[in-house]
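Just structure_37.cif here, mmCIF, C-alpha atoms and all ligand atoms:
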```cif
data_data
loop_
_atom_site.group_PDB
_atom_site.id
_atom_site.type_symbol
_atom_site.label_atom_id
_atom_site.label_comp_id
_atom_site.auth_asym_id
_atom_site.auth_seq_id
_atom_site.Cartn_x
_atom_site.Cartn_y
_atom_site.Cartn_z
ATOM 1 C CA MET M 780 -15.895 36.689 -37.661
ATOM 2 C CA HIS M 781 -12.297 37.045 -36.757
ATOM 3 C CA GLN M 782 -10.871 40.528 -36.271
ATOM 4 C CA ILE M 783 -9.332 41.548 -39.567
ATOM 5 C CA HIS M 784 -5.871 43.054 -39.903
ATOM 6 C CA SER M 785 -4.890 45.293 -42.748
ATOM 7 C CA GLY M 786 -1.503 46.209 -44.099
ATOM 8 C CA LEU M 787 0.254 47.573 -47.135
ATOM 9 C CA PHE M 788 1.530 44.221 -48.222
ATOM 10 C CA PHE M 789 -1.792 42.455 -48.429
ATOM 11 C CA ARG M 790 -5.454 42.892 -47.845
ATOM 12 C CA CYS M 791 -7.327 40.673 -45.430
ATOM 13 C CA ASP M 792 -10.999 41.364 -45.427
ATOM 14 C CA ALA M 793 -12.953 38.341 -46.453
ATOM 15 C CA VAL M 794 -11.520 35.181 -45.024
ATOM 16 C CA ARG M 795 -13.757 33.460 -42.543
ATOM 17 C CA ILE M 796 -12.108 30.955 -40.242
ATOM 18 C CA HIS M 797 -14.024 28.192 -38.570
ATOM 19 C CA PHE M 798 -11.780 28.060 -35.573
ATOM 20 C CA SER M 799 -11.285 24.519 -34.341
ATOM 21 C CA GLY M 800 -9.932 25.503 -30.937
ATOM 22 C CA GLN M 801 -6.825 23.358 -31.275
ATOM 23 C CA VAL M 802 -3.998 25.803 -30.737
ATOM 24 C CA ILE M 803 -0.515 25.459 -29.292
ATOM 25 C CA ASP M 804 1.757 28.209 -27.973
ATOM 26 C CA THR M 805 5.207 26.793 -28.693
ATOM 27 C CA HIS M 806 7.164 29.393 -26.705
ATOM 28 C CA CYS M 807 6.354 31.459 -23.628
ATOM 29 C CA HIS M 808 7.783 32.524 -20.261
ATOM 30 C CA LEU M 809 5.167 32.083 -17.552
ATOM 31 C CA ASP M 810 7.702 32.866 -14.817
ATOM 32 C CA LEU M 811 8.358 36.286 -16.364
ATOM 33 C CA ILE M 812 4.629 36.994 -16.809
ATOM 34 C CA ALA M 813 4.095 36.188 -13.131
ATOM 35 C CA ARG M 814 6.582 38.864 -12.020
ATOM 36 C CA GLU M 815 4.100 41.615 -12.807
ATOM 37 C CA GLY M 816 0.994 39.793 -13.929
ATOM 38 C CA PRO M 817 -1.064 36.686 -13.315
ATOM 39 C CA SER M 818 0.445 33.509 -11.935
ATOM 40 C CA ALA M 819 1.570 30.682 -14.184
ATOM 41 C CA GLU M 820 -1.443 28.615 -13.176
ATOM 42 C CA GLN M 821 -3.831 31.487 -13.934
ATOM 43 C CA CYS M 822 -2.259 31.961 -17.388
ATOM 44 C CA LEU M 823 -2.615 28.268 -18.127
ATOM 45 C CA LEU M 824 -6.262 28.232 -17.051
ATOM 46 C CA GLU M 825 -6.960 31.224 -19.284
ATOM 47 C CA ALA M 826 -5.090 29.544 -22.122
ATOM 48 C CA GLU M 827 -7.244 26.469 -21.779
ATOM 49 C CA GLN M 828 -10.394 28.584 -21.790
ATOM 50 C CA ALA M 829 -9.137 30.261 -24.960
ATOM 51 C CA GLY M 830 -8.913 26.877 -26.655
ATOM 52 C CA LEU M 831 -5.239 26.010 -26.302
ATOM 53 C CA GLU M 832 -4.363 22.357 -25.965
ATOM 54 C CA ALA M 833 -0.670 22.763 -25.125
ATOM 55 C CA VAL M 834 1.780 25.430 -23.965
ATOM 56 C CA VAL M 835 5.569 25.257 -24.027
ATOM 57 C CA GLN M 836 7.288 26.946 -21.094
ATOM 58 C CA ILE M 837 10.815 28.004 -22.069
ATOM 59 C CA ALA M 838 13.764 28.471 -19.711
ATOM 60 C CA THR M 839 16.212 31.364 -19.731
ATOM 61 C CA ASP M 840 18.517 30.476 -16.830
ATOM 62 C CA LEU M 841 19.003 28.001 -13.970
ATOM 63 C CA GLU M 842 16.224 29.448 -11.827
ATOM 64 C CA SER M 843 13.663 29.248 -14.630
ATOM 65 C CA SER M 844 14.829 25.746 -15.566
ATOM 66 C CA ARG M 845 14.061 24.662 -11.993
ATOM 67 C CA PHE M 846 10.774 26.563 -12.072
ATOM 68 C CA ASN M 847 9.761 24.780 -15.286
ATOM 69 C CA GLU M 848 10.605 21.366 -13.881
ATOM 70 C CA SER M 849 8.417 21.818 -10.811
ATOM 71 C CA LEU M 850 5.587 23.665 -12.592
ATOM 72 C CA ALA M 851 5.298 20.873 -15.180
ATOM 73 C CA ALA M 852 5.257 18.224 -12.465
ATOM 74 C CA SER M 853 2.431 19.923 -10.585
ATOM 75 C CA TRP M 854 0.412 21.110 -13.610
ATOM 76 C CA ASN M 855 0.554 17.861 -15.557
ATOM 77 C CA GLY M 856 -0.457 15.979 -12.413
ATOM 78 C CA ARG M 857 -3.728 17.917 -12.121
ATOM 79 C CA ALA M 858 -6.940 16.069 -12.861
ATOM 80 C CA ASP M 859 -8.986 19.201 -13.635
ATOM 81 C CA THR M 860 -7.280 20.241 -16.883
ATOM 82 C CA GLU M 861 -6.546 18.747 -20.275
ATOM 83 C CA LEU M 862 -4.091 21.426 -21.266
ATOM 84 C CA ARG M 863 -0.653 19.887 -21.526
ATOM 85 C CA LEU M 864 2.418 21.810 -20.373
ATOM 86 C CA TYR M 865 5.717 21.088 -22.103
ATOM 87 C CA TRP M 866 8.963 22.666 -20.975
ATOM 88 C CA THR M 867 12.667 23.152 -21.605
ATOM 89 C CA ALA M 868 15.819 23.896 -19.640
ATOM 90 C CA GLY M 869 18.525 26.160 -21.010
ATOM 91 C CA LEU M 870 20.457 29.426 -20.823
ATOM 92 C CA HIS M 871 19.285 32.445 -22.854
ATOM 93 C CA PRO M 872 22.057 34.099 -24.912
ATOM 94 C CA GLU M 873 21.536 37.337 -22.985
ATOM 95 C CA ASN M 874 22.850 35.331 -20.020
ATOM 96 C CA GLY M 875 25.402 33.677 -22.284
ATOM 97 C CA GLU M 876 28.423 34.599 -20.161
ATOM 98 C CA ARG M 877 27.017 32.754 -17.123
ATOM 99 C CA HIS M 878 28.799 29.484 -17.892
ATOM 100 C CA ASP M 879 28.734 28.753 -14.162
ATOM 101 C CA LEU M 880 24.989 28.026 -14.546
ATOM 102 C CA LEU M 881 25.385 25.435 -17.302
ATOM 103 C CA PRO M 882 26.236 22.375 -15.164
ATOM 104 C CA GLY M 883 23.094 22.851 -13.046
ATOM 105 C CA ILE M 884 20.910 23.412 -16.109
ATOM 106 C CA PHE M 885 22.314 20.424 -17.968
ATOM 107 C CA LYS M 886 21.813 18.257 -14.879
ATOM 108 C CA ILE M 887 18.097 19.093 -15.011
ATOM 109 C CA VAL M 888 18.004 18.157 -18.699
ATOM 110 C CA ARG M 889 19.730 14.831 -18.093
ATOM 111 C CA GLU M 890 17.558 13.936 -15.102
ATOM 112 C CA ASN M 891 14.370 14.652 -17.046
ATOM 113 C CA ARG M 892 15.388 13.400 -20.488
ATOM 114 C CA ASP M 893 12.805 10.639 -20.534
ATOM 115 C CA ARG M 894 9.965 12.585 -18.968
ATOM 116 C CA GLY M 895 7.252 13.005 -21.588
ATOM 117 C CA ASP M 896 6.814 16.711 -20.943
ATOM 118 C CA LEU M 897 10.484 17.749 -21.319
ATOM 119 C CA MET M 898 10.361 19.003 -24.892
ATOM 120 C CA GLY M 899 13.983 19.969 -25.520
ATOM 121 C CA ILE M 900 16.897 22.262 -24.702
ATOM 122 C CA GLY M 901 16.782 26.050 -24.714
ATOM 123 C CA GLU M 902 16.411 28.745 -25.257
ATOM 124 C CA THR M 903 19.968 29.187 -26.398
ATOM 125 C CA GLY M 904 21.518 30.972 -29.352
ATOM 126 C CA LEU M 905 23.279 34.175 -30.324
ATOM 127 C CA ASP M 906 22.048 37.704 -29.664
ATOM 128 C CA TYR M 907 24.176 40.465 -31.196
ATOM 129 C CA PHE M 908 21.443 43.053 -30.765
ATOM 130 C CA HIS M 909 21.718 43.977 -27.107
ATOM 131 C CA THR M 910 25.443 43.660 -26.745
ATOM 132 C CA LYS M 911 28.441 42.301 -28.558
ATOM 133 C CA GLN M 912 30.392 42.198 -25.355
ATOM 134 C CA PHE M 913 29.972 38.486 -24.823
ATOM 135 C CA VAL M 914 29.933 37.048 -28.341
ATOM 136 C CA GLU M 915 32.574 34.400 -27.668
ATOM 137 C CA GLU M 916 30.898 33.458 -24.380
ATOM 138 C CA GLN M 917 27.543 33.143 -26.150
ATOM 139 C CA LYS M 918 29.084 30.930 -28.810
ATOM 140 C CA GLU M 919 30.618 28.684 -26.191
ATOM 141 C CA ALA M 920 27.297 28.362 -24.339
ATOM 142 C CA LEU M 921 25.503 27.607 -27.618
ATOM 143 C CA ARG M 922 28.129 25.011 -28.510
ATOM 144 C CA GLN M 923 27.586 23.236 -25.193
ATOM 145 C CA HIS M 924 23.789 23.262 -25.628
ATOM 146 C CA LEU M 925 24.072 21.849 -29.146
ATOM 147 C CA ASN M 926 26.461 19.134 -28.035
ATOM 148 C CA LEU M 927 24.088 18.069 -25.270
ATOM 149 C CA ALA M 928 21.159 18.102 -27.721
ATOM 150 C CA VAL M 929 23.081 15.763 -30.016
ATOM 151 C CA GLU M 930 24.116 13.508 -27.148
ATOM 152 C CA LEU M 931 20.586 13.175 -25.751
ATOM 153 C CA ASN M 932 18.650 13.326 -29.055
ATOM 154 C CA LEU M 933 16.730 16.425 -28.004
ATOM 155 C CA PRO M 934 15.522 19.288 -30.187
ATOM 156 C CA VAL M 935 16.926 22.726 -29.466
ATOM 157 C CA VAL M 936 15.080 26.054 -29.172
ATOM 158 C CA ILE M 937 17.166 28.778 -30.818
ATOM 159 C CA HIS M 938 17.009 32.515 -30.212
ATOM 160 C CA THR M 939 18.896 34.483 -32.839
ATOM 161 C CA ARG M 940 18.927 38.249 -33.105
ATOM 162 C CA ASP M 941 21.053 40.649 -35.105
ATOM 163 C CA ASP M 942 22.013 44.291 -35.049
ATOM 164 C CA ARG M 943 19.105 45.733 -36.937
ATOM 165 C CA GLN M 944 15.552 44.833 -37.753
ATOM 166 C CA TYR M 945 16.510 43.097 -40.963
ATOM 167 C CA VAL M 946 19.277 44.044 -43.369
ATOM 168 C CA LYS M 947 19.840 41.488 -46.054
ATOM 169 C CA GLY M 948 23.303 39.975 -46.010
ATOM 170 C CA SER M 949 24.274 41.418 -42.622
ATOM 171 C CA CYS M 950 22.806 38.820 -40.294
ATOM 172 C CA GLN M 951 25.850 37.500 -38.492
ATOM 173 C CA ALA M 952 24.079 35.840 -35.570
ATOM 174 C CA VAL M 953 21.913 33.622 -37.751
ATOM 175 C CA THR M 954 24.856 32.872 -40.057
ATOM 176 C CA ASP M 955 27.033 31.838 -37.118
ATOM 177 C CA THR M 956 24.181 29.718 -35.759
ATOM 178 C CA LEU M 957 23.688 27.948 -39.079
ATOM 179 C CA ARG M 958 27.363 27.066 -39.284
ATOM 180 C CA MET M 959 27.301 25.509 -35.812
ATOM 181 C CA VAL M 960 24.106 23.599 -36.604
ATOM 182 C CA ARG M 961 25.550 22.242 -39.862
ATOM 183 C CA GLU M 962 28.552 20.909 -37.950
ATOM 184 C CA ARG M 963 26.146 18.583 -36.149
ATOM 185 C CA PRO M 964 24.243 16.447 -38.662
ATOM 186 C CA GLY M 965 20.890 15.205 -37.447
ATOM 187 C CA LEU M 966 20.430 18.029 -34.935
ATOM 188 C CA THR M 967 16.854 19.294 -34.990
ATOM 189 C CA GLY M 968 15.210 22.403 -33.591
ATOM 190 C CA VAL M 969 13.275 25.606 -34.067
ATOM 191 C CA LEU M 970 14.205 29.192 -34.847
ATOM 192 C CA HIS M 971 11.873 30.856 -32.362
ATOM 193 C CA CYS M 972 10.452 34.376 -32.744
ATOM 194 C CA PHE M 973 11.673 34.436 -36.323
ATOM 195 C CA THR M 974 12.658 37.946 -37.487
ATOM 196 C CA TYR M 975 14.590 37.282 -40.679
ATOM 197 C CA SER M 976 13.668 36.574 -44.289
ATOM 198 C CA TYR M 977 12.845 33.496 -46.345
ATOM 199 C CA GLU M 978 16.514 33.324 -47.377
ATOM 200 C CA GLU M 979 17.764 32.928 -43.800
ATOM 201 C CA ALA M 980 15.046 30.415 -42.924
ATOM 202 C CA MET M 981 15.416 28.004 -45.814
ATOM 203 C CA PRO M 982 18.820 26.473 -44.937
ATOM 204 C CA PHE M 983 17.322 25.496 -41.559
ATOM 205 C CA VAL M 984 14.107 24.245 -43.150
ATOM 206 C CA GLU M 985 16.148 22.044 -45.465
ATOM 207 C CA LEU M 986 17.679 20.476 -42.352
ATOM 208 C CA GLY M 987 14.162 19.681 -41.084
ATOM 209 C CA TRP M 988 13.950 22.595 -38.663
ATOM 210 C CA LYS M 989 10.813 24.501 -37.713
ATOM 211 C CA ILE M 990 10.291 28.259 -38.041
ATOM 212 C CA SER M 991 8.132 29.842 -35.339
ATOM 213 C CA PHE M 992 6.401 33.199 -35.794
ATOM 214 C CA SER M 993 5.564 35.473 -32.860
ATOM 215 C CA GLY M 994 3.182 38.440 -32.643
ATOM 216 C CA ILE M 995 5.671 40.482 -34.697
ATOM 217 C CA LEU M 996 4.097 38.801 -37.723
ATOM 218 C CA THR M 997 0.854 40.687 -37.063
ATOM 219 C CA PHE M 998 2.533 44.110 -37.098
ATOM 220 C CA LYS M 999 1.649 46.194 -40.126
ATOM 221 C CA ASN M 1000 5.226 46.964 -41.135
ATOM 222 C CA SER M 1001 6.622 43.432 -40.875
ATOM 223 C CA HIS M 1002 6.831 43.112 -44.666
ATOM 224 C CA THR M 1003 9.850 40.814 -44.725
ATOM 225 C CA LEU M 1004 8.153 38.482 -42.261
ATOM 226 C CA HIS M 1005 4.894 38.503 -44.196
ATOM 227 C CA GLU M 1006 6.797 37.484 -47.301
ATOM 228 C CA ALA M 1007 8.628 34.704 -45.443
ATOM 229 C CA ALA M 1008 5.351 33.416 -43.968
ATOM 230 C CA ILE M 1009 3.937 33.105 -47.484
ATOM 231 C CA LYS M 1010 6.982 31.607 -49.196
ATOM 232 C CA LEU M 1011 8.012 29.078 -46.565
ATOM 233 C CA PRO M 1012 6.567 25.568 -46.861
ATOM 234 C CA LEU M 1013 3.577 24.991 -44.606
ATOM 235 C CA GLU M 1014 5.312 21.922 -43.145
ATOM 236 C CA CYS M 1015 7.876 24.036 -41.234
ATOM 237 C CA LEU M 1016 5.581 26.610 -39.644
ATOM 238 C CA MET M 1017 4.725 27.041 -35.969
ATOM 239 C CA VAL M 1018 3.424 29.973 -33.891
ATOM 240 C CA GLU M 1019 4.225 31.269 -30.417
ATOM 241 C CA THR M 1020 3.671 34.238 -28.141
ATOM 242 C CA ASP M 1021 7.090 34.647 -26.486
ATOM 243 C CA ALA M 1022 4.921 36.106 -23.709
ATOM 244 C CA PRO M 1023 5.236 38.391 -21.804
ATOM 245 C CA TYR M 1024 6.818 40.129 -24.805
ATOM 246 C CA LEU M 1025 5.501 41.059 -28.247
ATOM 247 C CA ALA M 1026 1.731 40.841 -27.856
ATOM 248 C CA PRO M 1027 0.099 40.383 -31.266
ATOM 249 C CA VAL M 1028 -2.417 42.761 -32.794
ATOM 250 C CA PRO M 1029 -5.093 43.429 -31.439
ATOM 251 C CA HIS M 1030 -3.467 43.013 -28.019
ATOM 252 C CA ARG M 1031 -0.373 45.052 -28.916
ATOM 253 C CA GLY M 1032 0.876 47.246 -26.087
ATOM 254 C CA LYS M 1033 -0.507 44.971 -23.402
ATOM 255 C CA GLY M 1034 1.338 42.253 -21.551
ATOM 256 C CA ASN M 1035 1.311 39.158 -23.707
ATOM 257 C CA MET M 1036 -0.314 35.862 -22.676
ATOM 258 C CA PRO M 1037 -0.304 32.333 -24.164
ATOM 259 C CA ALA M 1038 -4.053 32.765 -24.817
ATOM 260 C CA TYR M 1039 -3.222 35.431 -27.421
ATOM 261 C CA VAL M 1040 -1.380 33.000 -29.716
ATOM 262 C CA ALA M 1041 -4.619 32.507 -31.653
ATOM 263 C CA SER M 1042 -4.291 36.053 -33.051
ATOM 264 C CA THR M 1043 -0.956 35.242 -34.659
ATOM 265 C CA LEU M 1044 -2.239 31.906 -35.914
ATOM 266 C CA HIS M 1045 -5.311 33.509 -37.483
ATOM 267 C CA PHE M 1046 -3.203 36.210 -39.070
ATOM 268 C CA LEU M 1047 -0.930 33.609 -40.627
ATOM 269 C CA ALA M 1048 -3.864 31.522 -41.847
ATOM 270 C CA ASN M 1049 -5.544 34.617 -43.321
ATOM 271 C CA LEU M 1050 -2.329 35.673 -45.014
ATOM 272 C CA ARG M 1051 -1.760 32.323 -46.693
ATOM 273 C CA ALA M 1052 -5.424 32.041 -47.622
ATOM 274 C CA GLU M 1053 -5.364 35.413 -49.347
ATOM 275 C CA ARG M 1054 -2.014 35.072 -51.037
ATOM 276 C CA LEU M 1055 -1.842 31.353 -51.780
ATOM 277 C CA GLY M 1056 -5.473 30.312 -51.793
ATOM 278 C CA GLU M 1057 -4.851 27.773 -49.056
ATOM 279 C CA SER M 1058 -7.750 26.806 -46.831
ATOM 280 C CA PRO M 1059 -7.294 28.671 -43.528
ATOM 281 C CA GLU M 1060 -8.709 25.712 -41.625
ATOM 282 C CA ARG M 1061 -6.125 23.476 -43.269
ATOM 283 C CA VAL M 1062 -3.315 25.912 -42.374
ATOM 284 C CA ILE M 1063 -4.430 25.948 -38.744
ATOM 285 C CA GLU M 1064 -4.687 22.169 -38.613
ATOM 286 C CA LYS M 1065 -1.304 21.712 -40.278
ATOM 287 C CA ILE M 1066 0.392 24.114 -37.854
ATOM 288 C CA ARG M 1067 -1.123 22.098 -35.029
ATOM 289 C CA GLU M 1068 0.275 18.905 -36.537
ATOM 290 C CA ASN M 1069 3.696 20.509 -37.029
ATOM 291 C CA SER M 1070 3.733 21.659 -33.413
ATOM 292 C CA LEU M 1071 2.667 18.311 -31.969
ATOM 293 C CA ALA M 1072 5.260 16.516 -34.072
ATOM 294 C CA PHE M 1073 7.906 18.951 -32.858
ATOM 295 C CA LEU M 1074 6.902 18.584 -29.206
ATOM 296 C CA ARG M 1075 7.268 14.833 -29.546
ATOM 297 C CA SER M 1076 10.263 14.877 -31.839
ATOM 298 C CA LYS M 1077 12.695 13.560 -29.225
ATOM 299 C CA ASP M 1078 10.931 10.216 -29.494
ATOM 300 C CA ASN M 1079 11.385 10.189 -33.244
ATOM 301 C CA ILE M 1080 14.981 11.298 -33.593
ATOM 302 C CA ILE M 1081 16.847 8.404 -35.115
ATOM 303 C CA PRO M 1082 19.894 7.719 -32.956
ATOM 304 C CA ARG M 1083 23.134 8.129 -34.803
ATOM 305 C CA ALA M 1084 25.383 5.129 -35.251
ATOM 306 C CA PRO M 1085 28.263 5.193 -32.741
ATOM 307 C CA ALA M 1086 31.299 6.929 -34.198
HETATM 308 ZN ZN ZN P 1101 11.836 33.462 -25.331
#
```
Full structure transcribed into structure tokens:
Amino acid sequence: MHQIHSGLFFRCDAVRIHFSGQVIDTHCHLDLIAREGPSAEQCLLEAEQAGLEAVVQIATDLESSRFNESLAASWNGRADTELRLYWTAGLHPENGERHDLLPGIFKIVRENRDRGDLMGIGETGLDYFHTKQFVEEQKEALRQHLNLAVELNLPVVIHTRDDRQYVKGSCQAVTDTLRMVRERPGLTGVLHCFTYSYEEAMPFVELGWKISFSGILTFKNSHTLHEAAIKLPLECLMVETDAPYLAPVPHRGKGNMPAYVASTLHFLANLRAERLGESPERVIEKIRENSLAFLRSKDNIIPRAPA
């Protein structure tokens, strides 16, 4: 029986999940885990033992983009594992003023565009939480990522964070992001580590985007997120760890690992089972399907007609 979480918003005490073992962590940072914890290879082996079938390794700068390229080449060439490693190249908005890094990062994207394990571009986006010092620089970096995504028919991994936890109507980063996305019809992507409400998610969902929940979903006081996870259509949902950050309950307070993504997935399946009566097994299977479709979406993006 899966460890049960309890909260004010809902009660989870009776849902039994027959866990299929097919789980995907759609967003993690193995290079950052390895700074103080186990190596990337060790994390991937543990993830496979925990039942994961794929992990997506996300870049934050030029160094990590290079790291991802070589890790994927060596890992996916191994004969002793079935776990698939997908990866991205991109510049995190907290490094958004480092425009000098963009040519090198974009070169990696272009050179690997047709490699099966390059999933997309990112993470990029707007972060007004840590500092507003470089807002214009962040916007320019985001613009360049989005333009390259359109040019190469690649999905984009978006980080968006605002001033406060969540204050309705005062979410400038996600509003600015939506405007830039809407200017580029056909662009597809994911809002990773989603921390907003149903209202902020839906305009992206209507454009075919995915919404990815991190371990924050499992925190007792994440009422707005719980509500969004119930109201959003199942077709748009994915889960992630964002490891080494934000370990889900019951691992909270420890360093996060891709293997822990199952806790967030189970929480989400329990939540929808209790509140919507959906089969938890079906929720888990559908999230797997959503994730696989997203990982392969570059092959299914319909090229735009030349202008
Ligand atoms: Zn991240």
Compute the set of protein, DNA and RNA residues whose minimum atom distance to ligand ZN 1101 (chain P) is at most 7 Å, using all atoms listed in the file, and state it as an mmCIF file with C-alpha atoms, in the coordinates of the input.
```
data_model
loop_
_atom_site.group_PDB
_atom_site.id
_atom_site.type_symbol
_atom_site.label_atom_id
_atom_site.label_comp_id
_atom_site.auth_asym_id
_atom_site.auth_seq_id
_atom_site.Cartn_x
_atom_site.Cartn_y
_atom_site.Cartn_z
ATOM 1 C CA HIS M 806 7.164 29.393 -26.705
ATOM 2 C CA CYS M 807 6.354 31.459 -23.628
ATOM 3 C CA HIS M 808 7.783 32.524 -20.261
ATOM 4 C CA ILE M 837 10.815 28.004 -22.069
ATOM 5 C CA GLU M 902 16.411 28.745 -25.257
ATOM 6 C CA ASP M 1021 7.090 34.647 -26.486
#
```
Can you pull out the residues contacting Thr939 (chain M)? Cut-off 7 Å, using only C-alpha atoms, and skip same-chain residues under 5 positions away; I want them as a short mmCIF file (atom, residue, chain, number, x, y, z; two decimals) with C-alpha atoms, in the coordinates of the input.
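Printed below is selection-v9.cif as written:
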```cif
data_model
loop_
_atom_site.label_atom_id
_atom_site.label_comp_id
_atom_site.auth_asym_id
_atom_site.auth_seq_id
_atom_site.Cartn_x
_atom_site.Cartn_y
_atom_site.Cartn_z
CA GLY M 904 21.52 30.97 -29.35
CA LEU M 905 23.28 34.17 -30.32
CA ASP M 906 22.05 37.70 -29.66
CA ALA M 952 24.08 35.84 -35.57
CA VAL M 953 21.91 33.62 -37.75
#
```
| task | Considering all atoms listed in the file, return as a list in words whatever protein or nucleic-acid residues lie within 10 Å of Thr956 (chain M), sequence-local ones (same chain, fewer than 5 positions apart) excluded. | result |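 Counting only the stated atoms, we get Gly904, Leu905, Lys918, Leu921, Arg922, Ile937, His938, Thr939, Gln951, Arg961 and Phe983 of chain M.
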| field | Matched chain/residue IDs from the PyMOL selection byres (((chain M and resi 825-830) around 12) and not hetatm), as a PyMOL selection string | value | chain M and resi 798-804+807+809+817-824+831-835+859-864+1020+1035-1042
| message | Starting from the PyMOL selection byres (((chain M and resi 1034) around 10) and not hetatm), expand the selection into actual residues of this file and give them as a PyMOL selection string. | response | chain M and resi 812+815-816+1022-1027+1030-1033+1035-1036
| Best match for closeness to Lys1065 (chain M) among M:His1045, M:Leu933, M:Glu979, M:Met1017, counting all atoms listed in the file | M:Met1017
| query | What lies within 12 Å of Ala868 (chain M) using only C-alpha atoms, ignoring chain neighbours under 5 positions off, as a PyMOL selection string? | reply | chain M and resi 808+835-849+851+880-892+896-903+924+927-928+933-936
| Rounded to one decimal in Å, what is the spacing between CA of Ile1009 (chain M) and CA of Asp941 (chain M)? | 22.4 Å
| For this file, the PyMOL selection byres (((chain M and resi 1058) around 12) and not hetatm) selects which residues, as a PyMOL selection string? | chain M and resi 794-797+1013+1045+1047-1057+1059-1065
| query | For Met981 (chain M), which residue among M:Lys947, M:His878, M:Lys1010, M:Arg894 is the nearest when counting all atoms listed in the file? | reply |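 Residue with the minimum atom-to-atom distance to Met981 (chain M): M:Lys1010.
Counting from CA of Gly875 (chain M), the distance to CA of Leu925 (chain M) is 13.7 Å.
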| task | Record the distance separating CA of Pro1012 (chain M) and CA of Glu962 (chain M), expressed in Å with one decimal. | result |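 The value is 24.2 Å.
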| field | Which residue of M:Arg857, M:Leu850, M:Glu916, M:Thr997 approaches His871 (chain M) most closely, using only C-alpha atoms | value |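 Selected residue with least distance to His871 (chain M): M:Glu916.
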| note | Of M:Gly895, M:Pro1029, M:Gly987, M:Pro982, the one sitting nearest Arg958 (chain M) when using only C-alpha atoms is M:Pro982
| message | So, with only C-alpha atoms as the atoms that count, which of M:Thr967, M:Asn932, M:Ser976, M:Gln917 lies closest to Asp955 (chain M)? | response | M:Gln917
| Residue contacts of Glu1006 (chain M) (9 Å, all atoms listed in the file) excluding same-chain residues fewer than 4 positions away, as a PyMOL selection string | chain M and resi 788+976-977+1001-1002+1010-1011
